[in-house]
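**Student:** Here's a structure for you.
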Amino acid sequence: MIKRALPVTVMTLLLLAAWYAGAAWLNWPQAAETLARAGKPTGFGDVLAQAYAMKRPILPTPDQVVVELWTSLTGYAPTSPRNLLFHAWVTAEAALTGLAMGLVLGILLAAGIVYTRTLEASLLPWVIASQTIPILAIAPMIVVILGNIGLTGLLPKAVICMYLCFFPITVGMVKGLRSADPLWLDLMRTYSASGVRAFWSLRLPASMPFLFASLKVSVAISVVGAIVGELPTGGQAGLGARLLSGSYYGQTVQIWAALIMASLLSVALIAVVRGLELVLLGRAGVR
């Protein structure tokens, strides 16, 4: 246990040291100018202390971000727009909705590609090509198009998430559905089993490890898609809206706190997927 924790601890300390050094370097000119204007001492220690205590630093220190997170999470009700949990829930709602839509679309596309050679030759290249379009370019288009037909709120953000996460699910499921043992497939043909029966009894169970591996990637991508989808909508809720408002008013500490919250949200959702994987695959006897 100690051997496993030691490398993580050392790397964490190195990252924190680099973060503090970067904060001092980037905030130094502004801190020195502030002290000079106030007629205060501008020695090394004075400027360093000022660089680490600025209210609107270029790069906030880790302790400033932690204080902002703690204040937001404990100082307001969970339903308050000032609480990051409120914004995290709004983002998670869009991310999970888009993930569910991407899951359905990815499985349907994978099944079609595996069972129909024509789709493999005609559809798979377009699936791959769809991921070459930058999401920052296509997100406003999705919001505008769906908004013009009266679809606003959660759905445009979910569609953006679906667009991002269906690809790894499709690719993983194609690989998984084709991973079924050929001998078992021949045995099912011997017993005149239908393609649907082979899918549910053999191909789908064999694809589960591939599906969960794809879901771990997709759920993190879906959070990114939800945040990107919140930027062009001009909404008042969500981690993307929190990032946007922080950039408008120069609240860099708020921006970094929202970023950390987004990463924690992704980690939590990946942990949930991992838990489902252990439960479902453990019951199925898969290791």
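Labeling convention for the structure tokens: chains A, B, ... as they appear, residues from 1 per chain, ligands from 1 in order of appearance.
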Would you write out, as CSV, a table of all residues in stretch 185-237 of chain A that have an atom no more than 10 Å from an atom of stretch 96-112 of chain A, listing for each the closest atom pair and the distance in Å to one decimal, considering only C-alpha atoms and ordering rows by chain and rising residue number?
**Tutor:**
residue,atom,partner,partner_atom,distance
A:Phe199,CA,A:Ala111,CA,8.7
A:Arg203,CA,A:Ala111,CA,9.7
A:Leu204,CA,A:Ala111,CA,9.6
A:Leu211,CA,A:Ile107,CA,9.1
A:Ser214,CA,A:Leu103,CA,9.7
A:Leu215,CA,A:Leu103,CA,8.2
A:Ser218,CA,A:Leu99,CA,7.1
A:Val219,CA,A:Leu99,CA,6.5
A:Ala220,CA,A:Leu99,CA,9.7
A:Ile221,CA,A:Leu99,CA,9.1
A:Ser222,CA,A:Leu99,CA,6.3
A:Val223,CA,A:Leu96,CA,8.2
A:Gly225,CA,A:Gly98,CA,8.8
A:Ala226,CA,A:Gly98,CA,8.3
**Student:** I need the residues from that last selection saved to file as a short mmCIF file (atom, residue, chain, number, x, y, z; two decimals), in the first residue's frame (with all heavy atoms), if you can.
**Tutor:**
data_model
loop_
_atom_site.label_atom_id
_atom_site.label_comp_id
_atom_site.auth_asym_id
_atom_site.auth_seq_id
_atom_site.Cartn_x
_atom_site.Cartn_y
_atom_site.Cartn_z
N PHE A 199 -27.17 -12.79 -30.95
CA PHE A 199 -26.79 -11.48 -30.45
C PHE A 199 -26.98 -11.39 -28.95
O PHE A 199 -26.07 -10.97 -28.21
CB PHE A 199 -27.62 -10.40 -31.16
CG PHE A 199 -27.35 -9.00 -30.67
CD1 PHE A 199 -26.29 -8.27 -31.15
CD2 PHE A 199 -28.18 -8.42 -29.70
CE1 PHE A 199 -26.05 -6.97 -30.71
CE2 PHE A 199 -27.94 -7.13 -29.24
CZ PHE A 199 -26.87 -6.42 -29.74
N ARG A 203 -23.09 -12.69 -28.53
CA ARG A 203 -22.32 -11.50 -28.93
C ARG A 203 -22.38 -10.38 -27.88
O ARG A 203 -21.36 -9.79 -27.54
CB ARG A 203 -22.82 -10.98 -30.28
CG ARG A 203 -22.47 -11.88 -31.46
CD ARG A 203 -22.81 -11.19 -32.77
NE ARG A 203 -22.54 -12.03 -33.94
CZ ARG A 203 -21.37 -12.08 -34.57
NH1 ARG A 203 -20.36 -11.35 -34.12
NH2 ARG A 203 -21.23 -12.85 -35.62
N LEU A 204 -23.59 -10.09 -27.39
CA LEU A 204 -23.72 -9.00 -26.43
C LEU A 204 -22.98 -9.27 -25.12
O LEU A 204 -22.25 -8.39 -24.63
CB LEU A 204 -25.19 -8.70 -26.18
CG LEU A 204 -25.48 -7.45 -25.32
CD1 LEU A 204 -24.91 -6.20 -26.00
CD2 LEU A 204 -26.98 -7.29 -25.07
N LEU A 211 -17.62 -2.66 -23.93
CA LEU A 211 -18.59 -1.60 -23.73
C LEU A 211 -18.22 -0.73 -22.53
O LEU A 211 -18.25 0.51 -22.61
CB LEU A 211 -19.99 -2.19 -23.54
CG LEU A 211 -21.10 -1.19 -23.19
CD1 LEU A 211 -21.27 -0.15 -24.29
CD2 LEU A 211 -22.42 -1.92 -22.93
N SER A 214 -15.32 1.52 -23.21
CA SER A 214 -15.73 2.66 -24.01
C SER A 214 -16.54 3.66 -23.18
O SER A 214 -16.42 4.87 -23.37
CB SER A 214 -16.58 2.20 -25.19
OG SER A 214 -15.85 1.32 -26.03
N LEU A 215 -17.35 3.15 -22.25
CA LEU A 215 -18.16 4.04 -21.42
C LEU A 215 -17.29 4.91 -20.52
O LEU A 215 -17.64 6.07 -20.25
CB LEU A 215 -19.13 3.22 -20.57
CG LEU A 215 -20.40 2.72 -21.27
CD1 LEU A 215 -21.22 1.86 -20.32
CD2 LEU A 215 -21.24 3.88 -21.78
N SER A 218 -16.23 7.61 -22.71
CA SER A 218 -17.37 8.41 -23.18
C SER A 218 -17.94 9.30 -22.09
O SER A 218 -18.37 10.42 -22.37
CB SER A 218 -18.46 7.49 -23.72
OG SER A 218 -17.99 6.75 -24.83
N VAL A 219 -17.96 8.82 -20.84
CA VAL A 219 -18.57 9.62 -19.78
C VAL A 219 -17.75 10.87 -19.50
O VAL A 219 -18.31 11.95 -19.24
CB VAL A 219 -18.77 8.76 -18.51
CG1 VAL A 219 -17.45 8.46 -17.83
CG2 VAL A 219 -19.72 9.46 -17.54
N ALA A 220 -16.42 10.75 -19.60
CA ALA A 220 -15.58 11.94 -19.42
C ALA A 220 -15.75 12.90 -20.60
O ALA A 220 -15.84 14.12 -20.41
CB ALA A 220 -14.12 11.53 -19.28
N ILE A 221 -15.81 12.36 -21.82
CA ILE A 221 -16.03 13.20 -22.99
C ILE A 221 -17.39 13.87 -22.93
O ILE A 221 -17.56 15.02 -23.35
CB ILE A 221 -15.90 12.35 -24.27
CG1 ILE A 221 -14.49 11.79 -24.41
CG2 ILE A 221 -16.24 13.18 -25.51
CD1 ILE A 221 -14.31 10.87 -25.59
N SER A 222 -18.37 13.17 -22.39
CA SER A 222 -19.71 13.72 -22.30
C SER A 222 -19.76 14.94 -21.39
O SER A 222 -20.49 15.90 -21.66
CB SER A 222 -20.68 12.64 -21.80
OG SER A 222 -22.01 13.09 -21.87
N VAL A 223 -18.98 14.91 -20.29
CA VAL A 223 -18.91 16.08 -19.41
C VAL A 223 -18.33 17.28 -20.16
O VAL A 223 -18.82 18.40 -20.05
CB VAL A 223 -18.09 15.76 -18.15
CG1 VAL A 223 -17.84 17.01 -17.32
CG2 VAL A 223 -18.79 14.70 -17.31
N GLY A 225 -18.47 17.74 -23.37
CA GLY A 225 -19.49 18.17 -24.32
C GLY A 225 -20.57 19.00 -23.66
O GLY A 225 -21.05 19.98 -24.23
N ALA A 226 -20.97 18.63 -22.43
CA ALA A 226 -21.99 19.40 -21.73
C ALA A 226 -21.49 20.81 -21.41
O ALA A 226 -22.23 21.79 -21.55
CB ALA A 226 -22.40 18.68 -20.44
#
**Student:** For A:Gly275, which residue out of A:Leu35, A:Ala92, A:Phe212, A:Ser245 is the nearest one, using only C-alpha atoms?
**Tutor:** A:Phe212
**Student:** Using only C-alpha atoms, find the one residue out of A:Thr152, A:Gln30, A:Ser122, A:Thr61 that sits nearest to A:Glu230.
**Tutor:**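 Of the candidates, the smallest distance to A:Glu230 is held by A:Thr152.
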**Student:** As a ChimeraX atom specification, list the residues of stretch 10-154 of chain A assigned to helix (DSSP H, G or I) by DSSP on the backbone atoms of this structure.
**Tutor:** /A:10-38,44-52,62-75,84-115,117-122,124-130,135-148,154
**Student:** Taking C-alpha atoms for each residue, export the selection above as a tab-separated table (two decimals), in the first residue's frame.
**Tutor:**
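again_11.tsv written:
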chain	number	residue	atom	x	y	z
A	10	VAL	CA	5.66	12.48	-4.86
A	11	MET	CA	4.00	13.38	-8.17
A	12	THR	CA	1.32	15.39	-6.35
A	13	LEU	CA	3.94	17.36	-4.42
A	14	LEU	CA	5.88	18.05	-7.62
A	15	LEU	CA	2.74	19.30	-9.35
A	16	LEU	CA	1.87	21.54	-6.40
A	17	ALA	CA	5.41	22.94	-6.34
A	18	ALA	CA	5.23	23.65	-10.09
A	19	TRP	CA	1.81	25.26	-9.62
A	20	TYR	CA	3.04	27.58	-6.87
A	21	ALA	CA	6.14	28.45	-8.91
A	22	GLY	CA	4.00	29.22	-11.95
A	23	ALA	CA	1.65	31.38	-9.87
A	24	ALA	CA	4.60	33.37	-8.51
A	25	TRP	CA	6.08	33.85	-11.96
A	26	LEU	CA	2.85	34.92	-13.67
A	27	ASN	CA	1.54	37.11	-10.84
A	28	TRP	CA	4.89	38.73	-10.02
A	29	PRO	CA	4.69	41.81	-12.35
A	30	GLN	CA	1.17	42.68	-11.26
A	31	ALA	CA	2.02	42.16	-7.58
A	32	ALA	CA	5.15	44.36	-7.81
A	33	GLU	CA	3.18	47.10	-9.56
A	34	THR	CA	0.46	46.98	-6.89
A	35	LEU	CA	2.98	47.34	-4.07
A	36	ALA	CA	4.81	50.16	-5.87
A	37	ARG	CA	1.60	52.12	-6.37
A	38	ALA	CA	0.69	51.70	-2.70
A	44	PHE	CA	11.37	39.55	-2.65
A	45	GLY	CA	9.27	38.28	0.25
A	46	ASP	CA	6.82	41.17	0.02
A	47	VAL	CA	6.19	40.69	-3.69
A	48	LEU	CA	5.94	36.91	-3.28
A	49	ALA	CA	3.34	37.27	-0.52
A	50	GLN	CA	1.39	39.75	-2.64
A	51	ALA	CA	1.56	37.41	-5.66
A	52	TYR	CA	0.03	34.63	-3.58
A	62	PRO	CA	-3.95	25.82	-5.06
A	63	ASP	CA	-4.99	27.07	-1.61
A	64	GLN	CA	-7.02	29.90	-3.19
A	65	VAL	CA	-8.84	27.37	-5.37
A	66	VAL	CA	-9.48	25.07	-2.40
A	67	VAL	CA	-10.86	27.97	-0.34
A	68	GLU	CA	-13.14	28.99	-3.22
A	69	LEU	CA	-14.38	25.41	-3.57
A	70	TRP	CA	-14.97	25.03	0.16
A	71	THR	CA	-16.75	28.38	0.41
A	72	SER	CA	-19.00	27.57	-2.53
A	73	LEU	CA	-19.86	24.05	-1.34
A	74	THR	CA	-20.44	24.86	2.34
A	75	GLY	CA	-21.46	28.51	2.36
A	84	LEU	CA	-20.91	24.57	-7.43
A	85	LEU	CA	-22.92	21.42	-6.66
A	86	PHE	CA	-25.92	23.11	-8.29
A	87	HIS	CA	-23.93	23.82	-11.44
A	88	ALA	CA	-22.34	20.35	-11.37
A	89	TRP	CA	-25.79	18.74	-11.27
A	90	VAL	CA	-26.98	20.79	-14.26
A	91	THR	CA	-23.91	19.73	-16.23
A	92	ALA	CA	-24.20	16.10	-15.09
A	93	GLU	CA	-27.84	15.99	-16.17
A	94	ALA	CA	-26.94	17.00	-19.72
A	95	ALA	CA	-23.88	14.75	-19.77
A	96	LEU	CA	-25.78	11.65	-18.61
A	97	THR	CA	-28.69	12.31	-20.99
A	98	GLY	CA	-26.28	12.66	-23.89
A	99	LEU	CA	-24.38	9.56	-22.75
A	100	ALA	CA	-27.61	7.54	-22.74
A	101	MET	CA	-28.46	8.78	-26.22
A	102	GLY	CA	-24.93	8.05	-27.44
A	103	LEU	CA	-25.08	4.58	-25.88
A	104	VAL	CA	-28.24	3.68	-27.77
A	105	LEU	CA	-26.95	5.16	-31.02
A	106	GLY	CA	-23.53	3.53	-30.65
A	107	ILE	CA	-24.94	0.06	-29.99
A	108	LEU	CA	-27.38	0.31	-32.91
A	109	LEU	CA	-24.63	1.45	-35.28
A	110	ALA	CA	-22.26	-1.26	-34.06
A	111	ALA	CA	-24.88	-3.97	-34.50
A	112	GLY	CA	-25.64	-2.75	-38.01
A	113	ILE	CA	-21.95	-2.63	-38.93
A	114	VAL	CA	-21.30	-6.13	-37.57
A	115	TYR	CA	-24.33	-7.76	-39.18
A	117	ARG	CA	-21.28	-5.69	-44.62
A	118	THR	CA	-22.77	-2.88	-46.69
A	119	LEU	CA	-23.06	-0.68	-43.63
A	120	GLU	CA	-19.48	-1.46	-42.65
A	121	ALA	CA	-18.23	-0.24	-46.03
A	122	SER	CA	-20.57	2.75	-46.31
A	124	LEU	CA	-18.13	3.31	-40.76
A	125	PRO	CA	-16.01	5.82	-42.76
A	126	TRP	CA	-18.64	8.50	-42.10
A	127	VAL	CA	-18.68	7.65	-38.40
A	128	ILE	CA	-14.91	8.15	-38.30
A	129	ALA	CA	-15.07	11.31	-40.41
A	130	SER	CA	-17.68	12.84	-38.07
A	135	ILE	CA	-16.86	20.45	-31.42
A	136	LEU	CA	-16.37	24.18	-30.81
A	137	ALA	CA	-17.44	24.77	-34.42
A	138	ILE	CA	-20.42	22.46	-34.47
A	139	ALA	CA	-21.84	23.19	-30.99
A	140	PRO	CA	-23.26	26.67	-31.86
A	141	MET	CA	-24.75	25.22	-35.05
A	142	ILE	CA	-26.55	22.51	-33.09
A	143	VAL	CA	-27.85	25.05	-30.57
A	144	VAL	CA	-29.10	27.40	-33.31
A	145	ILE	CA	-30.71	24.68	-35.45
A	146	LEU	CA	-32.51	23.02	-32.56
A	147	GLY	CA	-33.47	26.41	-31.12
A	148	ASN	CA	-35.14	27.39	-34.39
A	154	LEU	CA	-31.38	20.33	-21.98
**Student:** Neighbours of stretch 280-282 of chain A within 12 Å (only C-alpha atoms; same-chain residues fewer than 3 positions away dropped), as a list in words?
**Tutor:**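 These residues fall inside the cut-off: Pro205, Ala206, Ser207, Met208, Pro209, Phe210, Leu211, Phe212, Val273, Arg274, Gly275, Leu276, Glu277, Gly285, Val286 and Arg287 of chain A.
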**Student:** Using only C-alpha atoms for the distances, tell me which of A:Met162, A:Leu244, A:Ile227, A:Ala213 is nearest to A:Lys175.
**Tutor:** A:Ala213
**Student:** Using only C-alpha atoms, which of the listed residues (A:Ile255, A:Tyr249, A:Leu202, A:Cys165) sits closest to A:Ser179?
**Tutor:**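 Checking each of A:Ile255, A:Tyr249, A:Leu202, A:Cys165 against A:Ser179, counting only C-alpha atoms, the winner is A:Leu202.
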